[in-house]
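Engineer: There's a structure below that I have some questions on.
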Amino acid sequence: MSVRRRLRQIVLLFSSVAVIAPVVYFLVKQGLDRAEKITSIVFGLLGAVGLVVGWLTTRPGMKPGTASPTESVPLGCLLHLRDDGRPPLVEQVDPLDLGVKPAIDTTDRHDQDLPPYVPRTGDDDLEWAIAEGGIVLLHGKAAAGKSRSAFEAIHRLRPHHQLLNPAYAGALRDVVEAGYPIRHAVVWLDDLERFLTPGGIDQALLQRLCPSGRADVVVVATIRDEELSRLDHAATRGGQGQELITAGLDEAAAKLVAQIRGRRRVPVGQHLTDSERTDAEATGDGRITAALTAGVGFAEYLAAGPAMMRRWSVGDGPSFEVGHALISAAVDCRRAGYTTPVPSDILAKLYRPYLSPAWRHRADLPTITQGLQWACERVLGASSCLLPHENDTYTASDYLLDRTTTGQGPLAATPVPDHVWNTLLPIATTPQAATIGTHAYITQRLDIAEQAWRTVADTGNTDAMFNVGVLLEQHGDRQGEAEQWYRRAADTGHTDAMSNLGALLSQRGSPEEAEQWLRRAADTGEPDAMFNLGVLLDQRGDRQEGAEQWYRRAADTGHTDAMFNLGVLLDQHGDRQGEAEQWYRRAADTGHTDAMSNLGALLSQRDSPEEAEQWYRRAADTGHTQAMFNLGVLLDQRGDRQEGAEQWYRRAADTGHTQAMGNLGALLAQRGSPEEAEQWLRRAADTGHTQAMSNLGALLAQRGSPEEAEQWFRRAADTGEPDAMFNLGILLAQRDSPEEAEQWYRRAADTGHTQAMGNLGVLLAQRGSPEEAEQWFRRAADTGEPDAMFNLGILLAQRDSPEEAEQWYRRAADTGHTDAMSNLGVLLAQRGSQEEAEQWYRRAADTGNTQAMFNLGALLAQRGSPEEAEQWYRRAADTGNTQAMGNLGALLAQRGSPEEAEQWFRRAADTGEPDAMFNLGILLAQHGSPEEAEQWYRRAADTGNTQAMFNLGVLLAQRGSQEEAEQWLRRAADTGHTDAMFNLGVLLAQRDSPEEAEQWYRRAADTASPTR
């Protein structure tokens, strides 16, 4: 019985998941990663840089300050005023004057420009919000019906309230600063984004308009989905590393919009729902009937949106060319961020490059006035492509702008040309220049953005200084300039600049000064600064007192990255994981994908795999690669490999996730796709992934490329990778390099690698160092390693310590180790515990252990159960167990089936099994084939089988080959074979050597009674 080397499956949560491989090598799959690092987002320092555009500016010609209460609104602030200088009531304003678009096929009678109102599914939420007061936001595509729904709601609920329709972005601020009392009022903000500019509406102004506890003022706003999505994106950030965070794009605007949640956000769909269609059909209006069957959005058809697109896009002739070019110029002005009406002389400067090449230099073009008249004609009696305003100014239709930004129309996929930027910037006011800079930044015209913001910054505007700093910081070689601009803004008390300056200084290796600036900003209550200060303290190891405190303060403000980092910090303390889970949940519930992934890992570790899977899937569905990988590991561990684990490993691997590449390779190798497995393992190994190097080596060794396998094992082992050290040891042991194999086994064993401990024990036992072998077996066995328990049992049994050997066999057998079960059975049988021995043989045999099947067959045969013994011998023999083949042959021969017995003897003998060769010789001799019997006796005797030596000697003596017979009888007799001693004496007596014959007779007599 020899010491066995086996590799068993290893499962290490958060480190590795082993894949069972053939006896020599194994593949390991990386386990769950809970992103145990402090993560944050860099908007400016290391990532998508963000800018704040909340400049406080005044309208040209007005001075900031407060005024005593007045009964009239300052001139020019509102679009609609009564003769007494006060705003009109809601019921006194026509919907068309508020931006509600007229419908197609109307008459000249003003009250018939609109068809009957079709109630929308969001009206209940809209009416609730208007009744509650505060702000409500309707959002949808252009010409979806947002303004109409809003007008109908305020007309129903607040007809006798004042209606304030600001004329420009800062108008509301000017009205408030002038001291006009805003009570029992509706503030109308059609296209909200126009008012989220420098000096426009922000959280502070909104609070002044709609203070807590009052419901008499409602702010009704509309916004296109594209603009809302941009602002939502600016307000949502997630982390990818231990970095500091900088202020985000449109920070003030994004924060205001982020506060409008739940029922205060009312979607207005482009297409009608089934219930809305039913209400529409009931109106009986021909225009509505046509809209229902038009195949486009309901409201956009009524507003002639598709017809306007055709008028702008398709046509011929001089009027079309000039009108088309003027419309295009106006659309690009809005795309460039010039949101106020454009003067006709500016359109005249811009329009020519939009003409078709054949028309650009013609002298007979219509005049600008004629072109504007054509562009302002109502299409199908509804809206026009250009909307005229006072003082000969014009605005492009929202619908055309919306379609252009979604890739439709004549300007689809074309950037705003240089001549538009260069024409608008010199005429832009400070607020306009700021907005142009923002739009230039969004469209990656960073040169234009810098030019625009420098202009504003030179007026002393601190937000502009800050934005220039953020912009310059994106250029790795201009961080010094960025620092200067941050300092200028920070010195005035700009908290975002303080925070970004701290982040930049930290990055540039000045953590002390960085901390000072971050503390200054954090002490004002600025959440990003609190968070950044927490990161800085966390990075330098001040976690318990410093980092945790600031993370908590930022998290309490709703800062999701702080919630996440606080969760990570608590998670690292094993006794605080319950609190970590709470913070992960809070961050995950806001959509923080890293928090979702880490929450999944924590739940998986805490034995809640079902909920863990749900969070992994939520994060993975957003494209979070670590969550994809962790989900793959989770599914792999529960056996869902083909459909589940492989799919998620592939998705993560396709993004470049090296652990996913490695695990995908291991999984493919396990399921028998070695070629593709090798490709993925090579990709991961080429990135430096040590476990993939080791697994690639294992795969190459299995596929017969030991030289390259050794190279990969050595590369990984040189990095300290324990599995690679272990596998390299196996490879070297197979190549008869036991000394170097021992070195690598020792290195791996010293890291705690239990299989290496076991194999080192095997190597030492084989070379005659049983004491040290026992020490390594015990170290591995004490960790619960079944093979080590089994091998320790073998070693103790060999050293005549059957009681302790039995203990280790039992411990290994209790883990399911089938070889230990079989050996335990042998030990019990040897000491006479046949019943228990049989139980262990049966347990091991039932799992498919062939040696146990053989042993069980032998036990049953010995106790007189040949039929069942035959069954177990056959099962073992069918798997290739040569001892079972031989014993089955012997049993069949005893039961009178010599032909089948001969077949099994031959199968076993052909593999070199000595007893089978010997038994086959006996059978052949009995059946009159002495020549072939002699051949098999010789083959068995050459292996050292003494019974075969004896039988061969007898056979040779019988046929008269006395000398050779004597040689074989002497060899058998020298081993203590009594029959050989006796027969050698007979042969010598016959050959007249009575003295020596007497000696062998005496030796035989002394050992046993001879049998003739």
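Going by the structure tokens order, chains are called A, B, ..., each with residues numbered from 1, while ligands are numbered from 1 in the order shown.
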Could you pull out the residues in range 303-514 of chain A that DSSP calls strand (DSSP E or B) from the backbone, as a VMD selection string?
Structural biologist: chain A and resid 342 to 343 378 384 386 to 389 393 to 396
Engineer: Would you write out those residues with C-alpha atoms, as a tab-separated table (two decimals), in the first residue's frame?
Structural biologist:
```
chain	number	residue	atom	x	y	z
A	342	VAL	CA	-31.09	85.91	-31.92
A	343	PRO	CA	-31.07	89.34	-33.62
A	378	ARG	CA	-46.95	78.82	-39.73
A	384	SER	CA	-43.43	77.88	-37.42
A	386	LEU	CA	-38.61	80.22	-36.48
A	387	LEU	CA	-40.49	82.01	-33.72
A	388	PRO	CA	-40.38	85.80	-33.97
A	389	HIS	CA	-39.88	87.96	-30.88
A	393	THR	CA	-35.16	88.68	-32.81
A	394	TYR	CA	-35.86	85.01	-33.50
A	395	THR	CA	-35.68	81.62	-31.85
A	396	ALA	CA	-35.52	78.19	-33.52
```
Engineer: Skipping near chain neighbours, those fewer than 3 positions away, what residues fall within 12 Å of Trp128 in chain A using only C-alpha atoms, listed as a PyMOL selection string?
Structural biologist: chain A and resi 122-125+131-136+153-154+157+215+218+262-266
Engineer: Can you work out the spacing between CA of Gly534 in chain A and CA of Glu515 in chain A in Å, to one decimal?
Structural biologist: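 So the answer is 9.8 Å.
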Engineer: Using DSSP on the backbone, list every residue of range 702-879 of chain A that comes out as alpha helix (DSSP H), and give them as an MDAnalysis selection string.
Structural biologist: chainID A and resid 702 706:717 722:734 738:750 754:766 770:782 786:798 802:814 818:830 834:846 850:862 866:878
Engineer: Might you pull out every residue within 6 Å of Phe950 in chain A, with only C-alpha atoms counted and same-chain residues fewer than 4 positions away left off, and present them as a list in words?
Structural biologist: Leu969, Ala972 and Ala980 of chain A
Engineer: Compare A:Ala254, A:Ala701, A:Gln92, A:Val470 by their minimum atom-to-atom distance to His155 in chain A, counting only C-alpha atoms, and give me the closest one.
Structural biologist: A:Gln92
Engineer: Just how far from CA of His475 in chain A is CA of Thr655 in chain A, in Å to one decimal?
Structural biologist: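 Taking CA of Thr655 in chain A and CA of His475 in chain A, their separation equals 26.4 Å.
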Engineer: Quick one: residues within 7 Å of range 872-878 of chain A, only C-alpha atoms, excluding same-chain residues fewer than 4 positions away - as a PDB file with all heavy atoms, in the first residue's frame?
Structural biologist:
```
ATOM      1  N   THR A 850     -12.856   1.832  -7.052  1.00  0.00           N
ATOM      2  CA  THR A 850     -12.638   0.475  -7.570  1.00  0.00           C
ATOM      3  C   THR A 850     -11.877  -0.407  -6.593  1.00  0.00           C
ATOM      4  O   THR A 850     -12.122  -1.611  -6.514  1.00  0.00           O
ATOM      5  CB  THR A 850     -11.898   0.531  -8.919  1.00  0.00           C
ATOM      6  OG1 THR A 850     -10.659   1.250  -8.743  1.00  0.00           O
ATOM      7  CG2 THR A 850     -12.748   1.238  -9.957  1.00  0.00           C
ATOM      8  N   MET A 853     -14.308  -1.695  -4.252  1.00  0.00           N
ATOM      9  CA  MET A 853     -15.099  -2.766  -4.874  1.00  0.00           C
ATOM     10  C   MET A 853     -14.338  -4.083  -4.814  1.00  0.00           C
ATOM     11  O   MET A 853     -14.894  -5.146  -4.481  1.00  0.00           O
ATOM     12  CB  MET A 853     -15.386  -2.420  -6.336  1.00  0.00           C
ATOM     13  CG  MET A 853     -16.247  -1.186  -6.564  1.00  0.00           C
ATOM     14  SD  MET A 853     -16.403  -0.850  -8.360  1.00  0.00           S
ATOM     15  CE  MET A 853     -17.146   0.780  -8.356  1.00  0.00           C
ATOM     16  N   PHE A 854     -13.039  -4.032  -5.156  1.00  0.00           N
ATOM     17  CA  PHE A 854     -12.206  -5.234  -5.121  1.00  0.00           C
ATOM     18  C   PHE A 854     -12.126  -5.810  -3.706  1.00  0.00           C
ATOM     19  O   PHE A 854     -12.315  -7.007  -3.478  1.00  0.00           O
ATOM     20  CB  PHE A 854     -10.807  -4.910  -5.651  1.00  0.00           C
ATOM     21  CG  PHE A 854      -9.796  -5.962  -5.343  1.00  0.00           C
ATOM     22  CD1 PHE A 854      -9.816  -7.173  -6.030  1.00  0.00           C
ATOM     23  CD2 PHE A 854      -8.830  -5.770  -4.362  1.00  0.00           C
ATOM     24  CE1 PHE A 854      -8.889  -8.169  -5.744  1.00  0.00           C
ATOM     25  CE2 PHE A 854      -7.902  -6.753  -4.068  1.00  0.00           C
ATOM     26  CZ  PHE A 854      -7.933  -7.951  -4.761  1.00  0.00           C
ATOM     27  N   LEU A 856     -14.151  -5.332  -1.234  1.00  0.00           N
ATOM     28  CA  LEU A 856     -15.451  -5.856  -0.817  1.00  0.00           C
ATOM     29  C   LEU A 856     -15.684  -7.231  -1.439  1.00  0.00           C
ATOM     30  O   LEU A 856     -16.178  -8.162  -0.770  1.00  0.00           O
ATOM     31  CB  LEU A 856     -16.556  -4.879  -1.231  1.00  0.00           C
ATOM     32  CG  LEU A 856     -17.994  -5.289  -0.882  1.00  0.00           C
ATOM     33  CD1 LEU A 856     -18.149  -5.547   0.617  1.00  0.00           C
ATOM     34  CD2 LEU A 856     -18.977  -4.213  -1.356  1.00  0.00           C
ATOM     35  N   GLY A 857     -15.309  -7.391  -2.713  1.00  0.00           N
ATOM     36  CA  GLY A 857     -15.439  -8.698  -3.358  1.00  0.00           C
ATOM     37  C   GLY A 857     -14.618  -9.753  -2.644  1.00  0.00           C
ATOM     38  O   GLY A 857     -15.097 -10.882  -2.399  1.00  0.00           O
ATOM     39  N   GLU A 868     -22.333 -12.516  -4.770  1.00  0.00           N
ATOM     40  CA  GLU A 868     -22.171 -11.064  -4.620  1.00  0.00           C
ATOM     41  C   GLU A 868     -20.714 -10.663  -4.816  1.00  0.00           C
ATOM     42  O   GLU A 868     -20.424  -9.597  -5.356  1.00  0.00           O
ATOM     43  CB  GLU A 868     -22.657 -10.583  -3.254  1.00  0.00           C
ATOM     44  CG  GLU A 868     -22.722  -9.056  -3.169  1.00  0.00           C
ATOM     45  CD  GLU A 868     -23.231  -8.532  -1.833  1.00  0.00           C
ATOM     46  OE1 GLU A 868     -23.547  -9.352  -0.947  1.00  0.00           O
ATOM     47  OE2 GLU A 868     -23.304  -7.288  -1.686  1.00  0.00           O
ATOM     48  N   THR A 882      -6.942  -4.472 -12.241  1.00  0.00           N
ATOM     49  CA  THR A 882      -6.351  -5.750 -12.652  1.00  0.00           C
ATOM     50  C   THR A 882      -6.442  -6.804 -11.549  1.00  0.00           C
ATOM     51  O   THR A 882      -6.577  -8.000 -11.835  1.00  0.00           O
ATOM     52  CB  THR A 882      -4.882  -5.546 -13.054  1.00  0.00           C
ATOM     53  OG1 THR A 882      -4.184  -4.917 -11.971  1.00  0.00           O
ATOM     54  CG2 THR A 882      -4.798  -4.667 -14.287  1.00  0.00           C
ATOM     55  N   ALA A 884      -8.893  -7.119  -9.514  1.00  0.00           N
ATOM     56  CA  ALA A 884     -10.256  -7.636  -9.604  1.00  0.00           C
ATOM     57  C   ALA A 884     -10.389  -8.587 -10.779  1.00  0.00           C
ATOM     58  O   ALA A 884     -11.096  -9.612 -10.701  1.00  0.00           O
ATOM     59  CB  ALA A 884     -11.249  -6.478  -9.736  1.00  0.00           C
ATOM     60  N   MET A 885      -9.732  -8.272 -11.915  1.00  0.00           N
ATOM     61  CA  MET A 885      -9.782  -9.188 -13.062  1.00  0.00           C
ATOM     62  C   MET A 885      -9.222 -10.552 -12.671  1.00  0.00           C
ATOM     63  O   MET A 885      -9.805 -11.601 -12.969  1.00  0.00           O
ATOM     64  CB  MET A 885      -8.954  -8.616 -14.217  1.00  0.00           C
ATOM     65  CG  MET A 885      -9.490  -7.330 -14.812  1.00  0.00           C
ATOM     66  SD  MET A 885      -8.352  -6.718 -16.109  1.00  0.00           S
ATOM     67  CE  MET A 885      -8.999  -5.092 -16.420  1.00  0.00           C
ATOM     68  N   LEU A 888     -11.524 -12.294 -10.207  1.00  0.00           N
ATOM     69  CA  LEU A 888     -12.728 -12.740 -10.908  1.00  0.00           C
ATOM     70  C   LEU A 888     -12.418 -14.001 -11.710  1.00  0.00           C
ATOM     71  O   LEU A 888     -13.220 -14.962 -11.727  1.00  0.00           O
ATOM     72  CB  LEU A 888     -13.250 -11.626 -11.829  1.00  0.00           C
ATOM     73  CG  LEU A 888     -14.474 -11.957 -12.677  1.00  0.00           C
ATOM     74  CD1 LEU A 888     -15.655 -12.381 -11.791  1.00  0.00           C
ATOM     75  CD2 LEU A 888     -14.864 -10.759 -13.554  1.00  0.00           C
TER      76      LEU A 888
END
```
